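Asks: Have a look at this one before I ask anything.
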Amino acid sequence: MLKGKDMLSIHDLTADDVEEILSLAAKLKALQKSGVPHRLLEGKTLGMIFEKSSTRTRVSFEVGMYQLGGSALFLSNRDLQLGRGEPIKDTARVLSRYLDGIMIRTFGHDRVLELAEYADIPIINGLTDLLHPCQVLTDLLTIIEHKGKNFNTLKMAYVGDGNNMTNSYLYGAAKVGMHLSVATPENYKPDRTVFNNALEDAKETGAVLEWTEDPIKAVECADIIATDTWASMGQEAEHDARKKIFAAYQVNRELLRHADKKAIVMHCLPAYRGEEITEEVFEANAHVIFDEAENRLHTQKAIMALVMGN
């Protein structure tokens with residue numbers, strides 16, 4: 001049962017929790033497509049703290065709360081005393097008196113942990129520099145739609161920077177028992193603690209998790225290939241240097257020749273065509289990528305309904 005709990009990391013969830021989220025997300029998506037009301041959070045209010053801006057996160061959470069019968073408040077640093085130095089623990093205790101849940105999208109993961117420690121209401125991690133759990137749960141739903149539910153028969157490859165997406169893919173694959181091969185440059189590996197935690201989780205599900213510096217090795221026989229921008233928000237000054245370092249990690253036609261012939265390519269967006277992915281490969285997989293974008297709405301609705309519901 002997720003009621004009243006925080007959703008900070010997939011590592012904190014059980015395999016059954018993940019299954020419950022994905023199952024409800026699929027159900028809510030079907031209801032939405034059929035025009036059937038599903039006001040599971042009637043009268044509830046979500047506070048959305050944005051210290052990092054985002055198209056998909058804001059729109060999907062705000063629309064999701066509306067469709068669930070609740071309301072959402074957009075809160076930037078300009079709207080909160082956080083922007084003027086108020087401690088996050090004080091903000092947590094104040095907002096707990098007004099709201100039914102908080103989604104935060106920020107930089108340091110420690111800010112999410114502190115918010116959760118002092119809040120009396122569920123906290124949802126909308127993204128930190130360490131983890132992006134909502135996106136990876138969304139991607140698992142998208143994989144089910146395009147490749148089926150038997151995760152233990154699938155191989156996924158992630159090619160690019162060892163960033164918050166990579167870290168969360170490790171946790172996600174470990175929980176569902178999927179084979180994940182990560183390819184990054186030596187100095188851009190996933191977080192070591194995350195990798196070790198994921199390996200422990202994988203012992204319970206039989207997931208195979210591996211890292212390689214060779215993108216070709218990673219994508220060999222892969223059913224799913226994922227990538228992300230080479231320079232995340234806050235790393236803009238490193239952009240030119242990173243383009244050189246990651247040049248061999250582009251997802252292009254040549255790389256896909258080593259994957260399964262029916263492999264799909266995923267990207268959490270925004271995508272920088274000509275850098276981490278070519279225009280050709282992006283457009284050939286646009287139907288998957290935009291299903292992935294849409295599924296943020298349905299997956300996050302499931303998360304909110306489960307942690308904030310009655």
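Convention: chains lettered A, B, ... in structure tokens order; per-chain residue numbering from 1; ligands numbered from 1 as shown.
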I need the residues in range 164-207 of chain A that are helix (DSSP H, G or I) according to DSSP; give them as a PDB file with N, CA, C and O atoms, in the first residue's frame.

Replies:
ATOM      1  N   ASN A 164      20.748  11.281 -14.083  1.00  0.00           N
ATOM      2  CA  ASN A 164      19.608  10.881 -13.252  1.00  0.00           C
ATOM      3  C   ASN A 164      18.710   9.858 -13.944  1.00  0.00           C
ATOM      4  O   ASN A 164      18.117   9.001 -13.284  1.00  0.00           O
ATOM      5  N   MET A 165      18.622   9.926 -15.270  1.00  0.00           N
ATOM      6  CA  MET A 165      17.852   8.920 -15.998  1.00  0.00           C
ATOM      7  C   MET A 165      18.526   7.555 -15.906  1.00  0.00           C
ATOM      8  O   MET A 165      17.862   6.547 -15.651  1.00  0.00           O
ATOM      9  N   THR A 166      19.828   7.527 -16.096  1.00  0.00           N
ATOM     10  CA  THR A 166      20.561   6.264 -16.007  1.00  0.00           C
ATOM     11  C   THR A 166      20.385   5.642 -14.632  1.00  0.00           C
ATOM     12  O   THR A 166      20.122   4.439 -14.504  1.00  0.00           O
ATOM     13  N   ASN A 167      20.542   6.454 -13.602  1.00  0.00           N
ATOM     14  CA  ASN A 167      20.392   5.964 -12.229  1.00  0.00           C
ATOM     15  C   ASN A 167      19.008   5.364 -12.001  1.00  0.00           C
ATOM     16  O   ASN A 167      18.864   4.292 -11.402  1.00  0.00           O
ATOM     17  N   SER A 168      17.985   6.042 -12.487  1.00  0.00           N
ATOM     18  CA  SER A 168      16.626   5.549 -12.278  1.00  0.00           C
ATOM     19  C   SER A 168      16.320   4.343 -13.160  1.00  0.00           C
ATOM     20  O   SER A 168      15.533   3.471 -12.769  1.00  0.00           O
ATOM     21  N   TYR A 169      16.921   4.273 -14.347  1.00  0.00           N
ATOM     22  CA  TYR A 169      16.761   3.063 -15.164  1.00  0.00           C
ATOM     23  C   TYR A 169      17.333   1.850 -14.433  1.00  0.00           C
ATOM     24  O   TYR A 169      16.776   0.752 -14.492  1.00  0.00           O
ATOM     25  N   LEU A 170      18.436   2.030 -13.752  1.00  0.00           N
ATOM     26  CA  LEU A 170      19.024   0.926 -12.985  1.00  0.00           C
ATOM     27  C   LEU A 170      18.051   0.445 -11.910  1.00  0.00           C
ATOM     28  O   LEU A 170      17.824  -0.764 -11.753  1.00  0.00           O
ATOM     29  N   TYR A 171      17.471   1.372 -11.184  1.00  0.00           N
ATOM     30  CA  TYR A 171      16.501   0.996 -10.160  1.00  0.00           C
ATOM     31  C   TYR A 171      15.256   0.360 -10.789  1.00  0.00           C
ATOM     32  O   TYR A 171      14.715  -0.632 -10.277  1.00  0.00           O
ATOM     33  N   GLY A 172      14.792   0.923 -11.892  1.00  0.00           N
ATOM     34  CA  GLY A 172      13.597   0.397 -12.537  1.00  0.00           C
ATOM     35  C   GLY A 172      13.795  -1.003 -13.077  1.00  0.00           C
ATOM     36  O   GLY A 172      12.965  -1.899 -12.861  1.00  0.00           O
ATOM     37  N   ALA A 173      14.904  -1.215 -13.780  1.00  0.00           N
ATOM     38  CA  ALA A 173      15.195  -2.537 -14.341  1.00  0.00           C
ATOM     39  C   ALA A 173      15.346  -3.569 -13.233  1.00  0.00           C
ATOM     40  O   ALA A 173      14.878  -4.709 -13.348  1.00  0.00           O
ATOM     41  N   ALA A 174      15.982  -3.171 -12.140  1.00  0.00           N
ATOM     42  CA  ALA A 174      16.183  -4.092 -11.015  1.00  0.00           C
ATOM     43  C   ALA A 174      14.859  -4.532 -10.422  1.00  0.00           C
ATOM     44  O   ALA A 174      14.686  -5.703 -10.051  1.00  0.00           O
ATOM     45  N   LYS A 175      13.896  -3.633 -10.331  1.00  0.00           N
ATOM     46  CA  LYS A 175      12.609  -3.962  -9.703  1.00  0.00           C
ATOM     47  C   LYS A 175      11.734  -4.862 -10.574  1.00  0.00           C
ATOM     48  O   LYS A 175      10.937  -5.643 -10.053  1.00  0.00           O
ATOM     49  N   VAL A 176      11.877  -4.752 -11.908  1.00  0.00           N
ATOM     50  CA  VAL A 176      11.009  -5.553 -12.784  1.00  0.00           C
ATOM     51  C   VAL A 176      11.732  -6.763 -13.374  1.00  0.00           C
ATOM     52  O   VAL A 176      11.123  -7.543 -14.120  1.00  0.00           O
ATOM     53  N   GLU A 186      34.041   6.387 -19.486  1.00  0.00           N
ATOM     54  CA  GLU A 186      34.587   5.967 -18.195  1.00  0.00           C
ATOM     55  C   GLU A 186      34.329   6.985 -17.096  1.00  0.00           C
ATOM     56  O   GLU A 186      33.981   6.626 -15.967  1.00  0.00           O
ATOM     57  N   ASN A 187      34.491   8.254 -17.393  1.00  0.00           N
ATOM     58  CA  ASN A 187      34.346   9.293 -16.369  1.00  0.00           C
ATOM     59  C   ASN A 187      32.920   9.802 -16.202  1.00  0.00           C
ATOM     60  O   ASN A 187      32.689  10.782 -15.485  1.00  0.00           O
ATOM     61  N   TYR A 188      31.967   9.136 -16.846  1.00  0.00           N
ATOM     62  CA  TYR A 188      30.569   9.574 -16.764  1.00  0.00           C
ATOM     63  C   TYR A 188      29.652   8.403 -16.416  1.00  0.00           C
ATOM     64  O   TYR A 188      28.528   8.307 -16.891  1.00  0.00           O
ATOM     65  N   ARG A 192      27.764   5.444  -8.184  1.00  0.00           N
ATOM     66  CA  ARG A 192      28.233   4.150  -7.664  1.00  0.00           C
ATOM     67  C   ARG A 192      27.272   3.574  -6.615  1.00  0.00           C
ATOM     68  O   ARG A 192      26.977   2.382  -6.610  1.00  0.00           O
ATOM     69  N   THR A 193      26.810   4.421  -5.710  1.00  0.00           N
ATOM     70  CA  THR A 193      25.887   3.941  -4.675  1.00  0.00           C
ATOM     71  C   THR A 193      24.593   3.429  -5.296  1.00  0.00           C
ATOM     72  O   THR A 193      24.056   2.386  -4.892  1.00  0.00           O
ATOM     73  N   VAL A 194      24.078   4.168  -6.273  1.00  0.00           N
ATOM     74  CA  VAL A 194      22.873   3.727  -6.967  1.00  0.00           C
ATOM     75  C   VAL A 194      23.094   2.369  -7.621  1.00  0.00           C
ATOM     76  O   VAL A 194      22.261   1.459  -7.497  1.00  0.00           O
ATOM     77  N   PHE A 195      24.218   2.217  -8.306  1.00  0.00           N
ATOM     78  CA  PHE A 195      24.497   0.951  -8.996  1.00  0.00           C
ATOM     79  C   PHE A 195      24.539  -0.195  -7.986  1.00  0.00           C
ATOM     80  O   PHE A 195      23.960  -1.263  -8.200  1.00  0.00           O
ATOM     81  N   ASN A 196      25.196   0.019  -6.873  1.00  0.00           N
ATOM     82  CA  ASN A 196      25.293  -1.037  -5.859  1.00  0.00           C
ATOM     83  C   ASN A 196      23.930  -1.372  -5.263  1.00  0.00           C
ATOM     84  O   ASN A 196      23.596  -2.542  -5.044  1.00  0.00           O
ATOM     85  N   ASN A 197      23.128  -0.342  -4.988  1.00  0.00           N
ATOM     86  CA  ASN A 197      21.775  -0.581  -4.485  1.00  0.00           C
ATOM     87  C   ASN A 197      20.944  -1.372  -5.492  1.00  0.00           C
ATOM     88  O   ASN A 197      20.192  -2.288  -5.126  1.00  0.00           O
ATOM     89  N   ALA A 198      21.080  -0.995  -6.774  1.00  0.00           N
ATOM     90  CA  ALA A 198      20.322  -1.681  -7.814  1.00  0.00           C
ATOM     91  C   ALA A 198      20.747  -3.143  -7.943  1.00  0.00           C
ATOM     92  O   ALA A 198      19.903  -4.022  -8.160  1.00  0.00           O
ATOM     93  N   LEU A 199      22.025  -3.405  -7.799  1.00  0.00           N
ATOM     94  CA  LEU A 199      22.500  -4.786  -7.851  1.00  0.00           C
ATOM     95  C   LEU A 199      21.910  -5.614  -6.727  1.00  0.00           C
ATOM     96  O   LEU A 199      21.579  -6.795  -6.909  1.00  0.00           O
ATOM     97  N   GLU A 200      21.754  -5.016  -5.552  1.00  0.00           N
ATOM     98  CA  GLU A 200      21.121  -5.716  -4.442  1.00  0.00           C
ATOM     99  C   GLU A 200      19.652  -6.005  -4.752  1.00  0.00           C
ATOM    100  O   GLU A 200      19.152  -7.096  -4.500  1.00  0.00           O
ATOM    101  N   ASP A 201      18.949  -4.999  -5.311  1.00  0.00           N
ATOM    102  CA  ASP A 201      17.552  -5.198  -5.686  1.00  0.00           C
ATOM    103  C   ASP A 201      17.420  -6.293  -6.739  1.00  0.00           C
ATOM    104  O   ASP A 201      16.457  -7.072  -6.732  1.00  0.00           O
ATOM    105  N   ALA A 202      18.389  -6.338  -7.648  1.00  0.00           N
ATOM    106  CA  ALA A 202      18.335  -7.287  -8.756  1.00  0.00           C
ATOM    107  C   ALA A 202      18.425  -8.736  -8.287  1.00  0.00           C
ATOM    108  O   ALA A 202      17.953  -9.651  -8.980  1.00  0.00           O
ATOM    109  N   LYS A 203      19.001  -8.962  -7.122  1.00  0.00           N
ATOM    110  CA  LYS A 203      19.103 -10.326  -6.600  1.00  0.00           C
ATOM    111  C   LYS A 203      17.732 -10.935  -6.350  1.00  0.00           C
ATOM    112  O   LYS A 203      17.564 -12.155  -6.409  1.00  0.00           O
ATOM    113  N   GLU A 204      16.742 -10.090  -6.080  1.00  0.00           N
ATOM    114  CA  GLU A 204      15.391 -10.583  -5.798  1.00  0.00           C
ATOM    115  C   GLU A 204      14.586 -10.841  -7.062  1.00  0.00           C
ATOM    116  O   GLU A 204      13.629 -11.616  -7.041  1.00  0.00           O
ATOM    117  N   THR A 205      14.951 -10.205  -8.161  1.00  0.00           N
ATOM    118  CA  THR A 205      14.143 -10.321  -9.379  1.00  0.00           C
ATOM    119  C   THR A 205      14.857 -11.023 -10.525  1.00  0.00           C
ATOM    120  O   THR A 205      14.227 -11.358 -11.527  1.00  0.00           O
TER     121      THR A 205
END

Asks: Could you check the closest approach to Arg58 in chain A for each of A:Arg78, A:Leu127, A:Glu86, A:Asn150 and tell me which residue wins, using only C-alpha atoms?

Replies: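 Once distances to Arg58 in chain A are computed over only C-alpha atoms, the minimum belongs to A:Leu127.
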
Asks: For CA of Lys3 in chain A and CA of Ser76 in chain A, determine how far apart the two atoms are, in Å to one decimal place.

Replies: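 We find that CA of Lys3 in chain A and CA of Ser76 in chain A lie 26.7 Å from each other.
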
Asks: Record the distance separating CA of Val281 in chain A and CA of Asp139 in chain A, expressed in Å with one decimal.

Replies: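 Between CA of Val281 in chain A and CA of Asp139 in chain A the gap is 18.0 Å.
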
Asks: I want to know what sits within 9 Å of Thr142 in chain A, based on only C-alpha atoms, with residues of the same chain fewer than 6 positions away left out; could you give that as a ChimeraX atom specification?

Replies: /A:288-289,291-292,295

Asks: Kindly give the distance, in Å, that separates CA of Gly101 in chain A and CA of Glu62 in chain A, rounded to a single decimal.

Replies: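 According to the coordinates, CA of Gly101 in chain A and CA of Glu62 in chain A are separated by 12.7 Å.
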
Asks: What's around range 300-302 of chain A at 10 Å? Count only C-alpha atoms, leave out sequence neighbours fewer than 5 positions away in its own chain, and write the answer as a PyMOL selection string.

Replies: chain A and resi 20-29+40-41+57+60-68+124+126+134-135+137-138+295+307-309

Asks: So that I can see what lies close to Ala92 in chain A, please list as an NGL selection string the residues with an atom at most 7 Å from it, counting only C-alpha atoms and leaving out residues fewer than 3 positions away in the same chain.

Replies: :A and (88-89 or 95-96 or 115 or 118-119)

Asks: For range 211-223 of chain A, list every protein, DNA or RNA residue within 7 Å, evaluated using only C-alpha atoms, and leave out those in the same chain fewer than 5 positions away; present the list as a PyMOL selection string.

Replies: chain A and resi 154-157+159+181-186+249+255+258-260+262-264

Asks: Please provide as a PyMOL selection string all residues within 10 Å of Leu13 in chain A, with the sequence filter that same-chain residues fewer than 4 positions apart are discarded (counting only C-alpha atoms).

Replies: chain A and resi 2+6-9+17-19+171-172+175

Asks: I'd like to know which of A:Asp161, A:Asp100, A:Gly234, A:Ala226 is closest to Thr128 in chain A, using only C-alpha atoms.

Replies: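 Ranked by minimum distance to Thr128 in chain A, first place goes to A:Gly234.
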
Asks: Which parts of range 1-147 of chain A does DSSP call strand (DSSP E or B) when run on the backbone here, written out as a list in words?

Replies: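 Secondary structure check on range 1-147 of chain A, strand (DSSP E or B): Met7, Thr45, Leu46, Gly47, Met48, Ile49, Phe50, Ser71, Ala72, Leu73, Phe74, Leu75, Ser76, Gly101, Ile102, Met103, Ile104, Arg105, Ile123, Ile124, Asn125, Gly126 and Leu127 of chain A.
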
Asks: Output C-alpha atoms for every residue in that selection, as a CSV table (one decimal), in the first residue's frame.

Replies:
chain,number,residue,atom,x,y,z
A,7,MET,CA,7.6,8.5,-3.8
A,45,THR,CA,-4.7,19.9,-3.8
A,46,LEU,CA,-1.1,19.3,-5.0
A,47,GLY,CA,1.6,21.9,-4.5
A,48,MET,CA,4.2,21.8,-7.4
A,49,ILE,CA,7.5,23.3,-6.4
A,50,PHE,CA,9.7,24.0,-9.5
A,71,SER,CA,-6.3,21.1,-8.2
A,72,ALA,CA,-2.6,22.0,-8.5
A,73,LEU,CA,-0.6,25.0,-7.5
A,74,PHE,CA,2.5,26.0,-9.4
A,75,LEU,CA,5.1,27.3,-7.0
A,76,SER,CA,8.4,28.7,-8.3
A,101,GLY,CA,0.7,16.4,-1.4
A,102,ILE,CA,3.8,18.1,-2.9
A,103,MET,CA,5.7,17.4,-6.1
A,104,ILE,CA,9.1,19.0,-6.3
A,105,ARG,CA,11.5,19.3,-9.2
A,123,ILE,CA,6.2,14.0,-1.4
A,124,ILE,CA,6.7,13.1,-5.0
A,125,ASN,CA,10.1,13.5,-6.6
A,126,GLY,CA,9.5,15.2,-10.0
A,127,LEU,CA,13.2,15.2,-10.7
